[in-house]
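K.L.:
There's a structure below that I have some questions on.
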Amino acid sequence: MSKLNFIIMVLSAGILNIAAANQEIGTSSITKWQNDKKACFLLMFDDSWPSHYQVAVPELLERDIVATFYVNPGKGEYKSCIKHWEGTNAVWKQGMAYGNHTMTHQGVKDFEDAELEIGGCDDYILDIIPGKNPRLISWAQPGVGKGKWNISKEELNSILAKNNLINRPTFTDHGAVYHMQKSPQMLALADKAISSGGMEYLIIHGVERRKINWGYQDFWALNQDVYREVLDGLVERRDRGDLWITDHISYYKYDQERDNSQIQIISSNKDKIKLKITSSLDSQLYDQPLTIKTVVPENWQKCTVSQGSRISSNDVKNGVVQYDALPDESEIILTMQN
Ligand SMILES: [Zn+2]
């Protein structure tokens with residue numbers, strides 16, 4: 001580094017510190033997680049088991065929790081219960097996200113087969129759930145027997161990139177029933193995320209059926225009491241402001257956008273502030289609203305925030321207003337609303 005660059009760096013760091021100390025009007029920051037929660041937690045359900053719509057989803061809805069369901073549209077359990085995955089009361093229509101877990105969960109014979117298994121599942125999800133095309137979709141590689149996954153890592157990565165698929169974190173040490181049987185173990189993951197300010201997750205397969213007696217349980221069925229204890233524990237942490245519980249793609253977008261966006265002050269005066277967020281990411285794919293905190297004049301009690309056609313009214317606390325905005329380069333206008 002040249003001497004001049006070093007001097008500029010020291011000077012600009014000094015200016016930023018002074019600005020923060022004096023709370024310069026318009027100074028803005030993106031909160032680590034949505035709504036300024038301390039950490040993020042993801043619930044994931046694999047393999048399209050019937051107990052997902054029978055037991056898992058109703059318990060999630062009761063607690064206003066969103067989860068990601070990794071579906072296999074070509075697998076028997078999915079096909080025989082297709083109306084619950086695609087019909088009028090489908091799992092996604094109840095607010096849940098779908099992830100790609102291949103068409104059949106049978107593995108891939110070669111590259112061509114992988115394109116059908118992975119690309120096919122992607123087309124299926126894009127087709128049944130309306131929305132942008134292309135868009136990011138979560139990917140979880142199915143666990144299959146030896147010799148059943150016959151493509152290289154590079155080949156897989158090329159298929160994932162082509163389909164805008166985002167790898168979810170690994171199953172290792174995160175499987176309900178397989179790695180953890182009791183709720184304190186599972187909730188310890190949430191507490192770990194809270195203490196580090198990071199993200200944690202739990203991967204569930206079947207959930208125990210009681211009222212609906214099918215004469216058998218789904219694969220690795222999680223005891224219902226344990227399941228409810230985990231959900232209640234997550235809700236308690238969410239409601240005290242610690243956890244943002246969301247789907248994998250919302251988490252992923254937020255995480256990427258937060259680290260690749262910058263907020264500039266365009267202008268500010270006693271009753272209006274104009275800001276702009278720019279991002280180095282493609283705003284067509286990365287369209288998760290970010291939570292922003294902006295310093296406003298001391299006499300503001302309420303503030304209108306508008307960005308494009310989105311308008312919200314927000315309370316000001318201790319000279320700071322918190323609101324959501326998209327990092328799509330459009331202007332954010334904050335106006336005093338006392
Ligand atoms: Zn699986």
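In the structure tokens, the first chain shown is A, the next is B, and so on; residue numbers restart at 1 for each chain, and ligands run from 1 in the order shown.
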Env of segment 266-280 of chain A: 6 Å cut, atoms = only C-alpha atoms, seq-sep filter 2 positions within chain, self excluded. Answer as JSON, numbers by chain.

P.N.:
{"A": [260, 261, 262, 263, 264, 327, 329, 331, 332, 333, 334, 335, 336]}

K.L.:
Write a file of the selected residues as a PDB file, in the first residue's frame, keeping C-alpha atoms.

P.N.:
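The resulting file, again08.pdb, is shown below:
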ATOM      1  CA  ASN A 260     -22.744  -7.044  -1.272  1.00  0.00           C
ATOM      2  CA  SER A 261     -24.826  -3.878  -0.910  1.00  0.00           C
ATOM      3  CA  GLN A 262     -23.940  -0.309  -0.023  1.00  0.00           C
ATOM      4  CA  ILE A 263     -26.103   2.612   1.051  1.00  0.00           C
ATOM      5  CA  GLN A 264     -25.335   6.158  -0.079  1.00  0.00           C
ATOM      6  CA  PRO A 327     -31.155  -3.332  -2.994  1.00  0.00           C
ATOM      7  CA  GLU A 329     -30.695   0.908  -7.037  1.00  0.00           C
ATOM      8  CA  GLU A 331     -34.215   5.755  -4.466  1.00  0.00           C
ATOM      9  CA  ILE A 332     -35.410   5.421  -0.880  1.00  0.00           C
ATOM     10  CA  ILE A 333     -37.172   8.525   0.374  1.00  0.00           C
ATOM     11  CA  LEU A 334     -37.700   9.091   4.100  1.00  0.00           C
ATOM     12  CA  THR A 335     -40.112  11.888   4.993  1.00  0.00           C
ATOM     13  CA  MET A 336     -41.031  13.291   8.410  1.00  0.00           C
TER      14      MET A 336
END

K.L.:
Please identify every residue of segment 46-145 of chain A that has at least one atom no farther than 12 Å from an atom of segment 211-229 of chain A, counting only C-alpha atoms, and for each give the shortest atom pair and the distance in Å to one decimal, arranged by chain then increasing number, as a Markdown table.

P.N.:
| residue | atom | partner | partner_atom | distance |
| --- | --- | --- | --- | --- |
| A:Asp46 | CA | A:Phe219 | CA | 9.9 |
| A:Asp47 | CA | A:Phe219 | CA | 9.1 |
| A:Ser48 | CA | A:Asp218 | CA | 10.1 |
| A:Trp49 | CA | A:Asp218 | CA | 6.5 |
| A:Pro50 | CA | A:Asp218 | CA | 7.6 |
| A:Ser51 | CA | A:Asp218 | CA | 6.8 |
| A:His52 | CA | A:Asp218 | CA | 9.5 |
| A:Tyr53 | CA | A:Ile212 | CA | 11.7 |
| A:Gln54 | CA | A:Ile212 | CA | 8.0 |
| A:Val55 | CA | A:Gln224 | CA | 8.4 |
| A:Ala56 | CA | A:Tyr227 | CA | 8.4 |
| A:Val57 | CA | A:Tyr227 | CA | 11.5 |
| A:Pro58 | CA | A:Arg228 | CA | 11.0 |
| A:Glu59 | CA | A:Arg228 | CA | 7.4 |
| A:Leu60 | CA | A:Arg228 | CA | 9.2 |
| A:Glu62 | CA | A:Arg228 | CA | 10.7 |
| A:Arg63 | CA | A:Arg228 | CA | 10.1 |
| A:Glu77 | CA | A:Asp218 | CA | 10.0 |

K.L.:
With C-alpha atoms kept, could you save the residues just selected as an mmCIF file, in the first residue's frame?

P.N.:
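Below is the file that was written, out.cif:
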data_model
loop_
_atom_site.group_PDB
_atom_site.id
_atom_site.type_symbol
_atom_site.label_atom_id
_atom_site.label_comp_id
_atom_site.auth_asym_id
_atom_site.auth_seq_id
_atom_site.Cartn_x
_atom_site.Cartn_y
_atom_site.Cartn_z
ATOM 1 C CA ASP A 46 -36.801 -34.056 3.065
ATOM 2 C CA ASP A 47 -38.273 -36.618 0.655
ATOM 3 C CA SER A 48 -41.970 -35.575 0.261
ATOM 4 C CA TRP A 49 -43.279 -37.822 3.063
ATOM 5 C CA PRO A 50 -47.078 -37.765 3.652
ATOM 6 C CA SER A 51 -46.515 -36.854 7.324
ATOM 7 C CA HIS A 52 -45.232 -33.482 6.069
ATOM 8 C CA TYR A 53 -48.670 -32.283 5.023
ATOM 9 C CA GLN A 54 -50.470 -34.438 7.621
ATOM 10 C CA VAL A 55 -48.530 -33.406 10.736
ATOM 11 C CA ALA A 56 -45.588 -31.075 10.054
ATOM 12 C CA VAL A 57 -47.350 -28.287 8.140
ATOM 13 C CA PRO A 58 -50.387 -27.824 10.457
ATOM 14 C CA GLU A 59 -48.027 -27.441 13.459
ATOM 15 C CA LEU A 60 -45.899 -24.917 11.539
ATOM 16 C CA GLU A 62 -50.239 -22.781 14.058
ATOM 17 C CA ARG A 63 -46.988 -21.041 15.003
ATOM 18 C CA GLU A 77 -45.094 -40.873 -2.011
#

K.L.:
Show me which residues are within 12 Å of ligand 1 counting only C-alpha atoms and all ligand atoms, and format the list as a PyMOL selection string.

P.N.:
chain A and resi 44-49+69-72+75+99-107+139-145+170-171+175+203-206+219-220

K.L.:
What does the file look like for those residues with N, CA and C atoms, as a short mmCIF file (atom, residue, chain, number, x, y, z; two decimals), in the first residue's frame?

P.N.:
data_model
loop_
_atom_site.label_atom_id
_atom_site.label_comp_id
_atom_site.auth_asym_id
_atom_site.auth_seq_id
_atom_site.Cartn_x
_atom_site.Cartn_y
_atom_site.Cartn_z
N MET A 44 -35.92 -27.79 7.62
CA MET A 44 -35.96 -28.40 6.30
C MET A 44 -36.56 -29.80 6.42
N PHE A 45 -37.44 -30.14 5.49
CA PHE A 45 -38.11 -31.44 5.49
C PHE A 45 -37.80 -32.15 4.18
N ASP A 46 -37.26 -33.36 4.27
CA ASP A 46 -36.80 -34.06 3.06
C ASP A 46 -37.73 -35.17 2.60
N ASP A 47 -37.76 -35.40 1.31
CA ASP A 47 -38.27 -36.62 0.66
C ASP A 47 -39.79 -36.68 0.43
N SER A 48 -40.51 -35.60 0.55
CA SER A 48 -41.97 -35.57 0.26
C SER A 48 -42.76 -36.65 1.01
N TRP A 49 -42.52 -36.83 2.29
CA TRP A 49 -43.28 -37.82 3.06
C TRP A 49 -44.69 -37.31 3.35
N PHE A 69 -39.43 -27.50 2.04
CA PHE A 69 -39.75 -28.90 1.78
C PHE A 69 -39.04 -29.36 0.51
N TYR A 70 -38.13 -30.31 0.67
CA TYR A 70 -37.34 -30.83 -0.45
C TYR A 70 -38.11 -31.96 -1.11
N VAL A 71 -38.68 -31.64 -2.27
CA VAL A 71 -39.63 -32.56 -2.91
C VAL A 71 -38.97 -33.39 -4.01
N ASN A 72 -39.60 -34.55 -4.26
CA ASN A 72 -39.22 -35.45 -5.35
C ASN A 72 -40.49 -35.76 -6.15
N LYS A 75 -41.35 -39.39 -7.23
CA LYS A 75 -41.28 -40.45 -6.21
C LYS A 75 -42.70 -40.89 -5.85
N GLY A 99 -37.91 -27.07 -2.17
CA GLY A 99 -36.54 -27.19 -2.64
C GLY A 99 -36.44 -28.39 -3.58
N ASN A 100 -35.35 -28.42 -4.35
CA ASN A 100 -35.10 -29.47 -5.35
C ASN A 100 -34.31 -30.61 -4.70
N HIS A 101 -34.87 -31.82 -4.76
CA HIS A 101 -34.22 -33.00 -4.14
C HIS A 101 -34.14 -34.14 -5.18
N THR A 102 -34.14 -33.73 -6.46
CA THR A 102 -34.20 -34.60 -7.66
C THR A 102 -35.61 -35.15 -7.88
N MET A 103 -35.86 -35.62 -9.09
CA MET A 103 -37.18 -36.13 -9.43
C MET A 103 -37.54 -37.37 -8.61
N THR A 104 -36.64 -38.36 -8.56
CA THR A 104 -37.02 -39.67 -8.01
C THR A 104 -36.29 -40.10 -6.74
N HIS A 105 -35.20 -39.41 -6.36
CA HIS A 105 -34.39 -39.81 -5.20
C HIS A 105 -33.68 -41.14 -5.45
N GLN A 106 -33.54 -41.51 -6.73
CA GLN A 106 -32.91 -42.79 -7.04
C GLN A 106 -31.44 -42.65 -7.43
N GLY A 107 -30.93 -41.42 -7.41
CA GLY A 107 -29.55 -41.22 -7.86
C GLY A 107 -29.51 -40.80 -9.32
N TRP A 139 -31.26 -26.39 -3.24
CA TRP A 139 -30.90 -27.73 -3.70
C TRP A 139 -30.37 -28.56 -2.55
N ALA A 140 -30.86 -29.79 -2.42
CA ALA A 140 -30.31 -30.74 -1.45
C ALA A 140 -30.06 -32.05 -2.19
N GLN A 141 -28.81 -32.47 -2.20
CA GLN A 141 -28.47 -33.73 -2.88
C GLN A 141 -29.02 -34.90 -2.07
N PRO A 142 -29.77 -35.82 -2.69
CA PRO A 142 -30.31 -36.94 -1.92
C PRO A 142 -29.22 -37.94 -1.53
N GLY A 143 -29.40 -38.56 -0.38
CA GLY A 143 -28.50 -39.62 0.03
C GLY A 143 -28.92 -40.90 -0.71
N VAL A 144 -28.01 -41.46 -1.51
CA VAL A 144 -28.34 -42.68 -2.27
C VAL A 144 -27.27 -43.74 -2.03
N GLY A 145 -27.58 -44.97 -2.42
CA GLY A 145 -26.67 -46.09 -2.21
C GLY A 145 -25.38 -45.95 -3.00
N THR A 170 -24.89 -28.89 4.75
CA THR A 170 -24.83 -30.36 4.77
C THR A 170 -25.69 -31.02 5.87
N PHE A 171 -26.01 -32.29 5.64
CA PHE A 171 -26.81 -33.09 6.58
C PHE A 171 -26.01 -33.42 7.86
N GLY A 175 -29.27 -33.84 11.48
CA GLY A 175 -30.45 -34.64 11.18
C GLY A 175 -31.26 -34.99 12.42
N ILE A 203 -32.61 -30.68 9.90
CA ILE A 203 -33.15 -31.42 8.76
C ILE A 203 -34.00 -32.59 9.28
N ILE A 204 -35.27 -32.59 8.87
CA ILE A 204 -36.23 -33.58 9.36
C ILE A 204 -36.68 -34.44 8.18
N HIS A 205 -36.91 -35.72 8.44
CA HIS A 205 -37.50 -36.58 7.40
C HIS A 205 -38.98 -36.77 7.76
N GLY A 206 -39.38 -37.96 8.24
CA GLY A 206 -40.78 -38.13 8.61
C GLY A 206 -41.10 -37.45 9.95
N PHE A 219 -40.28 -42.57 7.12
CA PHE A 219 -38.85 -42.78 7.36
C PHE A 219 -38.31 -41.81 8.42
N TRP A 220 -37.58 -42.33 9.42
CA TRP A 220 -37.00 -41.53 10.51
C TRP A 220 -38.05 -40.59 11.11
#

K.L.:
Return the single residue from A:Leu281, A:Ile265, A:Leu234, A:Val108 that is closest to Leu187 of chain A, with distances computed using only C-alpha atoms.

P.N.:
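Looking at the shortest contact to Leu187 of chain A, the residue is A:Leu234.
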
K.L.:
Name the residues in contact with Lys132 of chain A at a cut-off of 10 Å, using only C-alpha atoms, excluding same-chain residues fewer than 3 positions from it; report them as an mmCIF file with N, CA and C atoms, in the first residue's frame.

P.N.:
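Contents of the output file result19.cif:
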data_model
loop_
_atom_site.group_PDB
_atom_site.id
_atom_site.type_symbol
_atom_site.label_atom_id
_atom_site.label_comp_id
_atom_site.auth_asym_id
_atom_site.auth_seq_id
_atom_site.Cartn_x
_atom_site.Cartn_y
_atom_site.Cartn_z
ATOM 1 N N LEU A 126 -40.697 -24.706 -10.790
ATOM 2 C CA LEU A 126 -40.978 -23.423 -11.467
ATOM 3 C C LEU A 126 -42.381 -23.424 -12.061
ATOM 4 N N ILE A 129 -45.218 -23.598 -8.859
ATOM 5 C CA ILE A 129 -45.269 -22.410 -8.000
ATOM 6 C C ILE A 129 -45.042 -21.173 -8.864
ATOM 7 N N ARG A 135 -35.423 -18.033 -11.138
ATOM 8 C CA ARG A 135 -35.317 -17.621 -9.739
ATOM 9 C C ARG A 135 -34.446 -18.630 -8.998
ATOM 10 N N LEU A 136 -33.947 -18.233 -7.847
ATOM 11 C CA LEU A 136 -33.112 -19.135 -7.058
ATOM 12 C C LEU A 136 -33.986 -20.184 -6.386
ATOM 13 N N GLN A 284 -32.570 -9.118 -10.193
ATOM 14 C CA GLN A 284 -33.685 -9.968 -10.619
ATOM 15 C C GLN A 284 -33.735 -11.237 -9.772
ATOM 16 N N LEU A 285 -32.557 -11.756 -9.440
ATOM 17 C CA LEU A 285 -32.485 -12.991 -8.641
ATOM 18 C C LEU A 285 -32.439 -12.684 -7.142
#

K.L.:
Any idea what's packed within 9 Å of Asp315 of chain A, counting only C-alpha atoms, ignoring anything in its chain fewer than 3 positions away? Could you give it as a list of chain:residue names?

P.N.:
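My reading of the contact set: A:Trp300, A:Gln301, A:Lys302, A:Cys303, A:Thr304, A:Val320, A:Val321, A:Gln322.
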